[in-house]
Every structure is written in structure tokens, then in C-alpha cells.
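Below: the structure, in C-alpha cells.
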Amino acid sequence: MSKGAYEHRPNDPRAIAAVLLWLGSTFLLVCLLLLCILPTPLRTPSIVLLMFLTLTPVPTSESTLPLLWSLGEWTMTHAAHYFGISLKITSPLPSSSSNILTLEPHDILPYPLFVFSPCLTFSNIPQPSKVFGLMTTIVFRLPFVKHVYTFCRAGDVSKKNFVRHLEKKDNIVFIPGGVQEVMLLEKGSKDIILYLLKRKGFIKLALLHGSNIVPVFSFGVDGSYTYILPKNIIMKKISRMIGFTPMIFFGRFNIPLFIPYPKKISVVTGEPIIIKKFEGTEDELRGKVEEIHGRWIEGMKKVFEDNKGEYGYGDRNVVIM
């Protein structure tokens, strides 16, 4: 077992600026949109800037616009101090093949997945050389937001991109519960609801590509925002269709769509499920998916139960739906 952590400096101006650029990018985009609408001297330049950001493709190579990739590295490094992020690896991550790290819970924004960013370094932790964070596709369709997340080395979680990384033997981290978990949030509840029972598609892909699956849990992300969340069948359908839940959430200083409260975030990995590339019939594959899915669910429960006391979650429970 190994553990590393960044010093918790939530009031450091650089840390606040980094998180504002990253997780506050939606807030900044809304401000830009307001400048485009309101009759002010900044209206015309704001419209020009918005059009430029909308039409400009995002470079996918770090050799293009290296200064902005360096800005992404600066953002991740200082954001780590804002959250005092820590990473505990309870079992070594296999290096013989790629790993799919399944991080839960989603909560309002699943930002703890940045703990695996290649920009961060933890002492004495044998991290894979490359881990790509994958998140909802809608993020990469918004001007400015898509640029920020790309330069922070994240990508979309579409099946096409997921498979592309597995074929390259890359390590990836994503949130399998997705936006459905947002609709299951209950204010004041001690239960942490994970929407995992129907999440089997990535397991099939893992079997077809021989990629290991690693249960991962982040402690501290719940309560990062306050929120107003209307719950009805129409809202659920809209959330699934667009890839995020339309809602109003309030961050630090109680500002809408702002940066989260600077809660200390601790991420823990569980026992990896070693998977060999599957060769068999379609019926056999379905049976294997069910078997691995059951083991993965138990792994997610175990990583939470084994560590909840250490991180102040002793009176909390995980509910799998």
C-alpha cells in the first residue's frame, strides 16, 4: 500500500485561480455570454471572442500551442493544493496491460478523477505512465470549456474514444455511474447512491481488449456544492439525452455555477480485477460479463467499507442501484 498527498492550501490565490479556470470555466462562459447580450462597451469584443472560441478547433497534440498545454499542467498542479488531494493505492496497479479505473461517486461534478492526471506526481506511488480522464461528451462541445478540459488532458467518454484508448493499451479513468447519479442525490441523506447495476458495457469492452478493472472511490466530493434539483421523469430523460443534468448549483461564496467548496479530497483504489482477453462465443461472453460485473460491484463496496472510517465516513453507507 502506498499513499501520497498535496498540501491543502484552499486560500492560496494561485490555487483559487487554477480551480476558477478549470471548474469555473462554465461560470466564466456564462459571464462571457452575458457580456455578449448586455449593451456595454465590451459587447462587440465579447461576441468576437465567443465566435472565435466556438469555431476554433481544439488541438489534440501537445506539440501544438505548447504554452496552453503548460497552462493546463499549471492548473492541475495548483488545483491539487486547493483540494489537498491525496491518493492511496491499496494494491499495485498492473503494468502488464491497460487498466480501467472506475471512480465513484459522480456527485454534482466528478472532478476527483483529475487525481490521476499525468500532470500530478505523488511520492512513492507507482502510477501508470499515462492515465486519460474521460467525461461526458457535452463538455467538449462548449466553447472555452472544451479548450480548458482538453489542455488539462481530459477527453470525451464516447464509446469510440473509449475503444480507441483500449486499443492503444492506455490506462483510463471514468465515472461509470454518470449523470444518473445526480438525479439520485438526496439532501441530508447519509446514503451514497451509486448507479452501477446496469453499467456493464465497459466490462464487455474490458474483456474484448484484455484490460483490467480497478474499483476506485473518492471521499470528500459530496457536499462540494449546494444545489436546486427538480426531479421528474422529463428531467431524467433530458439528462440522459444531453449527457448532463440541467440544474442550478452553488459553489464557494454561494455563487451559482462557481468553484466548489475547498473540501479535502481523498481517492482510494481497490483490488484490481485482472482480465485476460476473452475468446469464446457470444453466450459465453455474456456470462463472463455477468461474472466480472458481480465481482466489480463487490470491489466497489469493499474499497468504500475498508476505508470509510479513515476518512470520516464511518456512519455512511453505499447503496448500489
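Chain labels run A, B, ... following the order of the C-alpha cells; each chain numbers its residues from 1, and ligands are numbered from 1 in the order shown.
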Given only C-alpha atoms, how would the per-residue table for region 143-228 of chain A near region 98-122 of chain A read, listing every residue at most 10 Å away with its closest atom pair and distance in Å to one decimal, sorted by chain and number, as JSON lines?
```
{"residue": "A:Cys152", "atom": "CA", "partner": "A:Ser117", "partner_atom": "CA", "distance": 8.0}
{"residue": "A:Arg153", "atom": "CA", "partner": "A:Ser117", "partner_atom": "CA", "distance": 7.2}
{"residue": "A:Ala154", "atom": "CA", "partner": "A:Ser117", "partner_atom": "CA", "distance": 8.4}
{"residue": "A:Phe162", "atom": "CA", "partner": "A:Ile100", "partner_atom": "CA", "distance": 9.9}
{"residue": "A:His165", "atom": "CA", "partner": "A:Ser98", "partner_atom": "CA", "distance": 9.1}
{"residue": "A:Leu166", "atom": "CA", "partner": "A:Ser98", "partner_atom": "CA", "distance": 7.0}
{"residue": "A:Glu167", "atom": "CA", "partner": "A:Ser98", "partner_atom": "CA", "distance": 9.3}
{"residue": "A:Lys168", "atom": "CA", "partner": "A:Ser98", "partner_atom": "CA", "distance": 8.7}
{"residue": "A:Lys169", "atom": "CA", "partner": "A:Ser98", "partner_atom": "CA", "distance": 4.9}
{"residue": "A:Asp170", "atom": "CA", "partner": "A:Ser98", "partner_atom": "CA", "distance": 5.5}
{"residue": "A:Asn171", "atom": "CA", "partner": "A:Asn99", "partner_atom": "CA", "distance": 4.8}
{"residue": "A:Ile172", "atom": "CA", "partner": "A:Ile100", "partner_atom": "CA", "distance": 5.1}
{"residue": "A:Val173", "atom": "CA", "partner": "A:Leu101", "partner_atom": "CA", "distance": 4.5}
{"residue": "A:Phe174", "atom": "CA", "partner": "A:Thr102", "partner_atom": "CA", "distance": 5.6}
{"residue": "A:Ile175", "atom": "CA", "partner": "A:Leu103", "partner_atom": "CA", "distance": 5.1}
{"residue": "A:Pro176", "atom": "CA", "partner": "A:Thr102", "partner_atom": "CA", "distance": 6.3}
{"residue": "A:Gly177", "atom": "CA", "partner": "A:His106", "partner_atom": "CA", "distance": 6.5}
{"residue": "A:Gly178", "atom": "CA", "partner": "A:His106", "partner_atom": "CA", "distance": 6.2}
{"residue": "A:Val179", "atom": "CA", "partner": "A:His106", "partner_atom": "CA", "distance": 7.3}
{"residue": "A:Gln180", "atom": "CA", "partner": "A:His106", "partner_atom": "CA", "distance": 8.9}
{"residue": "A:Glu181", "atom": "CA", "partner": "A:His106", "partner_atom": "CA", "distance": 6.3}
{"residue": "A:Val182", "atom": "CA", "partner": "A:Asp107", "partner_atom": "CA", "distance": 5.7}
{"residue": "A:Met183", "atom": "CA", "partner": "A:Asp107", "partner_atom": "CA", "distance": 9.3}
{"residue": "A:Leu184", "atom": "CA", "partner": "A:Asp107", "partner_atom": "CA", "distance": 9.2}
{"residue": "A:Leu185", "atom": "CA", "partner": "A:Asp107", "partner_atom": "CA", "distance": 7.4}
{"residue": "A:Ile192", "atom": "CA", "partner": "A:Pro105", "partner_atom": "CA", "distance": 7.7}
{"residue": "A:Ile193", "atom": "CA", "partner": "A:Pro105", "partner_atom": "CA", "distance": 7.8}
{"residue": "A:Leu194", "atom": "CA", "partner": "A:Pro105", "partner_atom": "CA", "distance": 6.4}
{"residue": "A:Tyr195", "atom": "CA", "partner": "A:Pro105", "partner_atom": "CA", "distance": 8.9}
{"residue": "A:Leu196", "atom": "CA", "partner": "A:Glu104", "partner_atom": "CA", "distance": 9.7}
{"residue": "A:Phe202", "atom": "CA", "partner": "A:Ile100", "partner_atom": "CA", "distance": 8.7}
{"residue": "A:Ile203", "atom": "CA", "partner": "A:Ile100", "partner_atom": "CA", "distance": 9.3}
{"residue": "A:Ala206", "atom": "CA", "partner": "A:Ile100", "partner_atom": "CA", "distance": 7.7}
{"residue": "A:His209", "atom": "CA", "partner": "A:Ser98", "partner_atom": "CA", "distance": 8.9}
{"residue": "A:Gly210", "atom": "CA", "partner": "A:Ser98", "partner_atom": "CA", "distance": 7.8}
{"residue": "A:Ser211", "atom": "CA", "partner": "A:Ser98", "partner_atom": "CA", "distance": 5.1}
{"residue": "A:Asn212", "atom": "CA", "partner": "A:Asn99", "partner_atom": "CA", "distance": 4.7}
{"residue": "A:Ile213", "atom": "CA", "partner": "A:Ile100", "partner_atom": "CA", "distance": 4.8}
{"residue": "A:Val214", "atom": "CA", "partner": "A:Leu101", "partner_atom": "CA", "distance": 4.7}
{"residue": "A:Pro215", "atom": "CA", "partner": "A:Thr102", "partner_atom": "CA", "distance": 5.3}
{"residue": "A:Val216", "atom": "CA", "partner": "A:Leu103", "partner_atom": "CA", "distance": 4.6}
{"residue": "A:Phe217", "atom": "CA", "partner": "A:Glu104", "partner_atom": "CA", "distance": 5.0}
{"residue": "A:Ser218", "atom": "CA", "partner": "A:Glu104", "partner_atom": "CA", "distance": 6.2}
{"residue": "A:Phe219", "atom": "CA", "partner": "A:Pro105", "partner_atom": "CA", "distance": 8.7}
{"residue": "A:Gly220", "atom": "CA", "partner": "A:Pro112", "partner_atom": "CA", "distance": 9.2}
{"residue": "A:Val221", "atom": "CA", "partner": "A:Asp107", "partner_atom": "CA", "distance": 7.0}
{"residue": "A:Asp222", "atom": "CA", "partner": "A:Asp107", "partner_atom": "CA", "distance": 6.1}
{"residue": "A:Gly223", "atom": "CA", "partner": "A:Asp107", "partner_atom": "CA", "distance": 8.5}
{"residue": "A:Ser224", "atom": "CA", "partner": "A:Ile108", "partner_atom": "CA", "distance": 7.9}
{"residue": "A:Tyr225", "atom": "CA", "partner": "A:Ile108", "partner_atom": "CA", "distance": 7.1}
{"residue": "A:Thr226", "atom": "CA", "partner": "A:Ile108", "partner_atom": "CA", "distance": 9.0}
{"residue": "A:Tyr227", "atom": "CA", "partner": "A:Ile108", "partner_atom": "CA", "distance": 8.5}
```
Please tabulate, as CSV, the residues of region 127-235 of chain A that come within 12 Å of region 38-58 of chain A, each with its closest pair of atoms and the distance in Å to one decimal, counting only C-alpha atoms and ordering rows by chain, then residue number upward.
```
residue,atom,partner,partner_atom,distance
A:Phe140,CA,A:Val58,CA,9.1
A:Arg141,CA,A:Thr54,CA,8.6
A:Leu142,CA,A:Thr54,CA,7.4
A:Pro143,CA,A:Thr54,CA,4.8
A:Phe144,CA,A:Leu53,CA,5.9
A:Val145,CA,A:Leu53,CA,9.3
A:Lys146,CA,A:Val58,CA,7.5
A:His147,CA,A:Val58,CA,6.0
A:Val148,CA,A:Val58,CA,9.5
A:Tyr149,CA,A:Val58,CA,10.0
A:Thr150,CA,A:Val58,CA,7.3
A:Phe151,CA,A:Val58,CA,8.8
A:Arg153,CA,A:Val58,CA,11.6
A:Ala154,CA,A:Val58,CA,11.9
A:Gly155,CA,A:Val58,CA,11.2
```
How would the residues just picked look written out with N, CA, C and O atoms as a PDB file, in the first residue's frame?
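Contents of selection_34.pdb, as written:
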```pdb
ATOM      1  N   PHE A 140     -17.119  18.812 -24.211  1.00  0.00           N
ATOM      2  CA  PHE A 140     -16.234  19.108 -25.338  1.00  0.00           C
ATOM      3  C   PHE A 140     -16.979  19.707 -26.531  1.00  0.00           C
ATOM      4  O   PHE A 140     -16.460  19.734 -27.648  1.00  0.00           O
ATOM      5  N   ARG A 141     -18.185  20.183 -26.255  1.00  0.00           N
ATOM      6  CA  ARG A 141     -18.948  20.903 -27.274  1.00  0.00           C
ATOM      7  C   ARG A 141     -19.188  22.359 -26.885  1.00  0.00           C
ATOM      8  O   ARG A 141     -19.796  23.107 -27.632  1.00  0.00           O
ATOM      9  N   LEU A 142     -18.732  22.719 -25.692  1.00  0.00           N
ATOM     10  CA  LEU A 142     -18.931  24.085 -25.205  1.00  0.00           C
ATOM     11  C   LEU A 142     -17.680  24.917 -25.466  1.00  0.00           C
ATOM     12  O   LEU A 142     -16.571  24.505 -25.107  1.00  0.00           O
ATOM     13  N   PRO A 143     -17.821  26.085 -26.102  1.00  0.00           N
ATOM     14  CA  PRO A 143     -16.648  26.935 -26.319  1.00  0.00           C
ATOM     15  C   PRO A 143     -15.994  27.311 -25.000  1.00  0.00           C
ATOM     16  O   PRO A 143     -16.664  27.478 -23.988  1.00  0.00           O
ATOM     17  N   PHE A 144     -14.703  27.438 -25.027  1.00  0.00           N
ATOM     18  CA  PHE A 144     -13.867  27.755 -23.876  1.00  0.00           C
ATOM     19  C   PHE A 144     -13.766  26.569 -22.914  1.00  0.00           C
ATOM     20  O   PHE A 144     -12.669  26.141 -22.569  1.00  0.00           O
ATOM     21  N   VAL A 145     -14.899  26.007 -22.515  1.00  0.00           N
ATOM     22  CA  VAL A 145     -14.881  24.853 -21.605  1.00  0.00           C
ATOM     23  C   VAL A 145     -14.118  23.696 -22.250  1.00  0.00           C
ATOM     24  O   VAL A 145     -13.293  23.039 -21.614  1.00  0.00           O
ATOM     25  N   LYS A 146     -14.392  23.436 -23.524  1.00  0.00           N
ATOM     26  CA  LYS A 146     -13.731  22.327 -24.207  1.00  0.00           C
ATOM     27  C   LYS A 146     -12.220  22.558 -24.305  1.00  0.00           C
ATOM     28  O   LYS A 146     -11.428  21.605 -24.228  1.00  0.00           O
ATOM     29  N   HIS A 147     -11.821  23.804 -24.460  1.00  0.00           N
ATOM     30  CA  HIS A 147     -10.394  24.110 -24.528  1.00  0.00           C
ATOM     31  C   HIS A 147      -9.715  23.844 -23.188  1.00  0.00           C
ATOM     32  O   HIS A 147      -8.648  23.220 -23.126  1.00  0.00           O
ATOM     33  N   VAL A 148     -10.343  24.314 -22.125  1.00  0.00           N
ATOM     34  CA  VAL A 148      -9.764  24.152 -20.791  1.00  0.00           C
ATOM     35  C   VAL A 148      -9.599  22.670 -20.450  1.00  0.00           C
ATOM     36  O   VAL A 148      -8.525  22.229 -20.013  1.00  0.00           O
ATOM     37  N   TYR A 149     -10.647  21.889 -20.655  1.00  0.00           N
ATOM     38  CA  TYR A 149     -10.579  20.476 -20.286  1.00  0.00           C
ATOM     39  C   TYR A 149      -9.587  19.701 -21.147  1.00  0.00           C
ATOM     40  O   TYR A 149      -8.917  18.783 -20.665  1.00  0.00           O
ATOM     41  N   THR A 150      -9.485  20.061 -22.410  1.00  0.00           N
ATOM     42  CA  THR A 150      -8.518  19.389 -23.279  1.00  0.00           C
ATOM     43  C   THR A 150      -7.100  19.681 -22.832  1.00  0.00           C
ATOM     44  O   THR A 150      -6.266  18.767 -22.737  1.00  0.00           O
ATOM     45  N   PHE A 151      -6.805  20.955 -22.528  1.00  0.00           N
ATOM     46  CA  PHE A 151      -5.453  21.307 -22.106  1.00  0.00           C
ATOM     47  C   PHE A 151      -5.139  20.751 -20.713  1.00  0.00           C
ATOM     48  O   PHE A 151      -3.969  20.674 -20.333  1.00  0.00           O
ATOM     49  N   ARG A 153      -5.853  17.761 -20.170  1.00  0.00           N
ATOM     50  CA  ARG A 153      -5.622  16.366 -20.566  1.00  0.00           C
ATOM     51  C   ARG A 153      -6.800  15.438 -20.255  1.00  0.00           C
ATOM     52  O   ARG A 153      -6.629  14.337 -19.734  1.00  0.00           O
ATOM     53  N   ALA A 154      -7.986  15.903 -20.580  1.00  0.00           N
ATOM     54  CA  ALA A 154      -9.185  15.061 -20.463  1.00  0.00           C
ATOM     55  C   ALA A 154      -9.762  14.839 -21.857  1.00  0.00           C
ATOM     56  O   ALA A 154      -9.413  15.542 -22.815  1.00  0.00           O
ATOM     57  N   GLY A 155     -10.655  13.840 -21.988  1.00  0.00           N
ATOM     58  CA  GLY A 155     -11.282  13.538 -23.264  1.00  0.00           C
ATOM     59  C   GLY A 155     -12.717  13.086 -23.057  1.00  0.00           C
ATOM     60  O   GLY A 155     -13.161  12.884 -21.923  1.00  0.00           O
TER      61      GLY A 155
END
```
Nearest-residue call for Asp306 (chain A), choices A:Met135, A:Leu71, A:Leu197, A:Val268, using only C-alpha atoms: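 For Asp306 (chain A), the nearest of the candidates is A:Val268.
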Counting only C-alpha atoms, the residue of A:Ile89, A:Phe258, A:Pro94, A:Val139 that sits nearest Phe27 (chain A):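 Looking only at the distances to Phe27 (chain A), the closest residue turns out to be A:Phe258.
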Identify, on the basis of only C-alpha atoms, every residue whose closest approach to Pro256 (chain A) does not exceed 12 Å; exclude the query and any residue fewer than 3 positions from it along the same chain; express the result as a compact mmCIF listing (two decimals) with all heavy atoms, in the first residue's frame.
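Full text of result34.txt as output:
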```
# COMPACT_ATOMS: atom_id res chain seq x y z
N GLY A 24 -14.40 26.42 -12.86
CA GLY A 24 -15.21 27.62 -13.02
C GLY A 24 -15.36 28.04 -14.47
O GLY A 24 -15.88 29.11 -14.76
N THR A 26 -17.35 26.97 -16.75
CA THR A 26 -18.76 27.17 -17.12
C THR A 26 -19.24 28.53 -16.62
O THR A 26 -19.96 29.25 -17.32
CB THR A 26 -19.63 26.06 -16.53
OG1 THR A 26 -19.15 24.79 -17.00
CG2 THR A 26 -21.08 26.22 -16.96
N PHE A 27 -18.86 28.89 -15.40
CA PHE A 27 -19.21 30.19 -14.84
C PHE A 27 -18.63 31.31 -15.71
O PHE A 27 -19.33 32.29 -16.03
CB PHE A 27 -18.67 30.29 -13.41
CG PHE A 27 -18.77 31.66 -12.80
CD1 PHE A 27 -19.97 32.12 -12.27
CD2 PHE A 27 -17.66 32.50 -12.75
CE1 PHE A 27 -20.06 33.39 -11.70
CE2 PHE A 27 -17.74 33.76 -12.19
CZ PHE A 27 -18.94 34.21 -11.66
N LEU A 28 -17.39 31.17 -16.13
CA LEU A 28 -16.75 32.18 -16.96
C LEU A 28 -17.42 32.26 -18.33
O LEU A 28 -17.55 33.35 -18.90
CB LEU A 28 -15.25 31.88 -17.11
CG LEU A 28 -14.43 31.94 -15.81
CD1 LEU A 28 -13.00 31.50 -16.07
CD2 LEU A 28 -14.45 33.35 -15.24
N VAL A 30 -20.60 31.63 -18.94
CA VAL A 30 -21.87 32.33 -18.72
C VAL A 30 -21.63 33.83 -18.63
O VAL A 30 -22.39 34.64 -19.19
CB VAL A 30 -22.58 31.81 -17.45
CG1 VAL A 30 -23.77 32.70 -17.10
CG2 VAL A 30 -23.03 30.37 -17.66
N CYS A 31 -20.56 34.23 -17.95
CA CYS A 31 -20.23 35.66 -17.86
C CYS A 31 -19.96 36.23 -19.25
O CYS A 31 -20.39 37.36 -19.56
CB CYS A 31 -19.01 35.86 -16.96
SG CYS A 31 -19.30 35.51 -15.22
N TYR A 225 -20.96 21.16 -3.38
CA TYR A 225 -21.88 22.18 -3.87
C TYR A 225 -23.21 22.06 -3.13
O TYR A 225 -23.59 20.98 -2.68
CB TYR A 225 -22.16 22.00 -5.36
CG TYR A 225 -21.01 22.27 -6.28
CD1 TYR A 225 -20.20 21.22 -6.75
CD2 TYR A 225 -20.72 23.56 -6.71
CE1 TYR A 225 -19.14 21.46 -7.61
CE2 TYR A 225 -19.66 23.81 -7.58
CZ TYR A 225 -18.88 22.76 -8.03
OH TYR A 225 -17.84 23.01 -8.88
N THR A 226 -23.93 23.17 -3.03
CA THR A 226 -25.35 23.12 -2.71
C THR A 226 -26.08 23.23 -4.04
O THR A 226 -25.50 23.67 -5.05
CB THR A 226 -25.76 24.27 -1.77
OG1 THR A 226 -25.42 25.52 -2.39
CG2 THR A 226 -25.04 24.15 -0.44
N TYR A 227 -27.35 22.84 -4.07
CA TYR A 227 -27.99 22.76 -5.39
C TYR A 227 -29.50 22.82 -5.29
O TYR A 227 -30.11 22.58 -4.25
CB TYR A 227 -27.57 21.48 -6.10
CG TYR A 227 -27.87 20.20 -5.32
CD1 TYR A 227 -29.11 19.57 -5.44
CD2 TYR A 227 -26.93 19.66 -4.45
CE1 TYR A 227 -29.39 18.42 -4.72
CE2 TYR A 227 -27.20 18.51 -3.73
CZ TYR A 227 -28.44 17.89 -3.87
OH TYR A 227 -28.72 16.76 -3.15
N ILE A 228 -30.11 23.16 -6.43
CA ILE A 228 -31.55 23.07 -6.62
C ILE A 228 -31.76 22.08 -7.76
O ILE A 228 -31.31 22.32 -8.89
CB ILE A 228 -32.17 24.43 -6.98
CG1 ILE A 228 -31.94 25.43 -5.85
CG2 ILE A 228 -33.66 24.29 -7.27
CD1 ILE A 228 -32.38 26.84 -6.18
N MET A 247 -29.51 21.89 -13.96
CA MET A 247 -29.78 22.22 -12.57
C MET A 247 -29.02 23.49 -12.21
O MET A 247 -28.14 23.94 -12.95
CB MET A 247 -29.33 21.07 -11.66
CG MET A 247 -27.84 20.79 -11.74
SD MET A 247 -27.30 19.36 -10.78
CE MET A 247 -27.78 19.81 -9.14
N ILE A 248 -29.36 24.04 -11.08
CA ILE A 248 -28.61 25.17 -10.55
C ILE A 248 -27.84 24.68 -9.33
O ILE A 248 -28.40 24.11 -8.40
CB ILE A 248 -29.55 26.32 -10.12
CG1 ILE A 248 -30.33 26.84 -11.34
CG2 ILE A 248 -28.75 27.45 -9.48
CD1 ILE A 248 -29.46 27.49 -12.39
N PHE A 249 -26.53 24.87 -9.37
CA PHE A 249 -25.72 24.52 -8.19
C PHE A 249 -24.90 25.74 -7.78
O PHE A 249 -24.59 26.61 -8.58
CB PHE A 249 -24.83 23.30 -8.46
CG PHE A 249 -23.88 23.44 -9.62
CD1 PHE A 249 -22.64 24.03 -9.47
CD2 PHE A 249 -24.24 22.94 -10.87
CE1 PHE A 249 -21.76 24.14 -10.54
CE2 PHE A 249 -23.36 23.05 -11.95
CZ PHE A 249 -22.13 23.65 -11.78
N PHE A 250 -24.59 25.78 -6.49
CA PHE A 250 -23.92 26.93 -5.90
C PHE A 250 -22.60 26.48 -5.26
O PHE A 250 -22.57 25.52 -4.49
CB PHE A 250 -24.81 27.59 -4.84
CG PHE A 250 -26.15 28.01 -5.37
CD1 PHE A 250 -27.20 27.10 -5.42
CD2 PHE A 250 -26.35 29.30 -5.82
CE1 PHE A 250 -28.44 27.48 -5.91
CE2 PHE A 250 -27.59 29.70 -6.31
CZ PHE A 250 -28.64 28.77 -6.36
N GLY A 251 -21.54 27.17 -5.62
CA GLY A 251 -20.23 26.80 -5.11
C GLY A 251 -19.74 27.73 -4.00
O GLY A 251 -20.54 28.28 -3.23
N ARG A 252 -18.46 27.90 -3.94
CA ARG A 252 -17.85 28.71 -2.89
C ARG A 252 -18.40 30.14 -2.91
O ARG A 252 -18.67 30.68 -3.99
CB ARG A 252 -16.32 28.73 -3.07
CG ARG A 252 -15.58 29.23 -1.85
CD ARG A 252 -14.08 29.03 -2.01
NE ARG A 252 -13.38 29.42 -0.80
CZ ARG A 252 -12.05 29.36 -0.64
NH1 ARG A 252 -11.29 28.92 -1.64
NH2 ARG A 252 -11.48 29.71 0.51
N PHE A 253 -18.58 30.71 -1.75
CA PHE A 253 -19.18 32.03 -1.56
C PHE A 253 -20.64 32.06 -2.01
O PHE A 253 -21.22 33.12 -2.23
CB PHE A 253 -18.38 33.11 -2.32
CG PHE A 253 -16.90 33.04 -2.08
CD1 PHE A 253 -16.02 32.83 -3.13
CD2 PHE A 253 -16.37 33.16 -0.80
CE1 PHE A 253 -14.64 32.75 -2.92
CE2 PHE A 253 -15.00 33.09 -0.58
CZ PHE A 253 -14.14 32.87 -1.65
N ILE A 259 -16.85 27.78 -8.41
CA ILE A 259 -15.95 26.70 -8.00
C ILE A 259 -16.48 26.02 -6.74
O ILE A 259 -17.19 26.63 -5.94
CB ILE A 259 -14.51 27.23 -7.77
CG1 ILE A 259 -14.50 28.27 -6.64
CG2 ILE A 259 -13.96 27.83 -9.04
CD1 ILE A 259 -13.11 28.79 -6.29
N PRO A 260 -16.15 24.73 -6.54
CA PRO A 260 -16.67 24.01 -5.37
C PRO A 260 -16.04 24.51 -4.07
O PRO A 260 -15.00 25.16 -4.07
CB PRO A 260 -16.26 22.56 -5.65
CG PRO A 260 -15.08 22.67 -6.55
CD PRO A 260 -15.32 23.88 -7.40
```
DSSP alpha helix (DSSP H) residues within region 184-290 of chain A, listed as a ChimeraX atom specification: /A:201-209,233-242,282-290
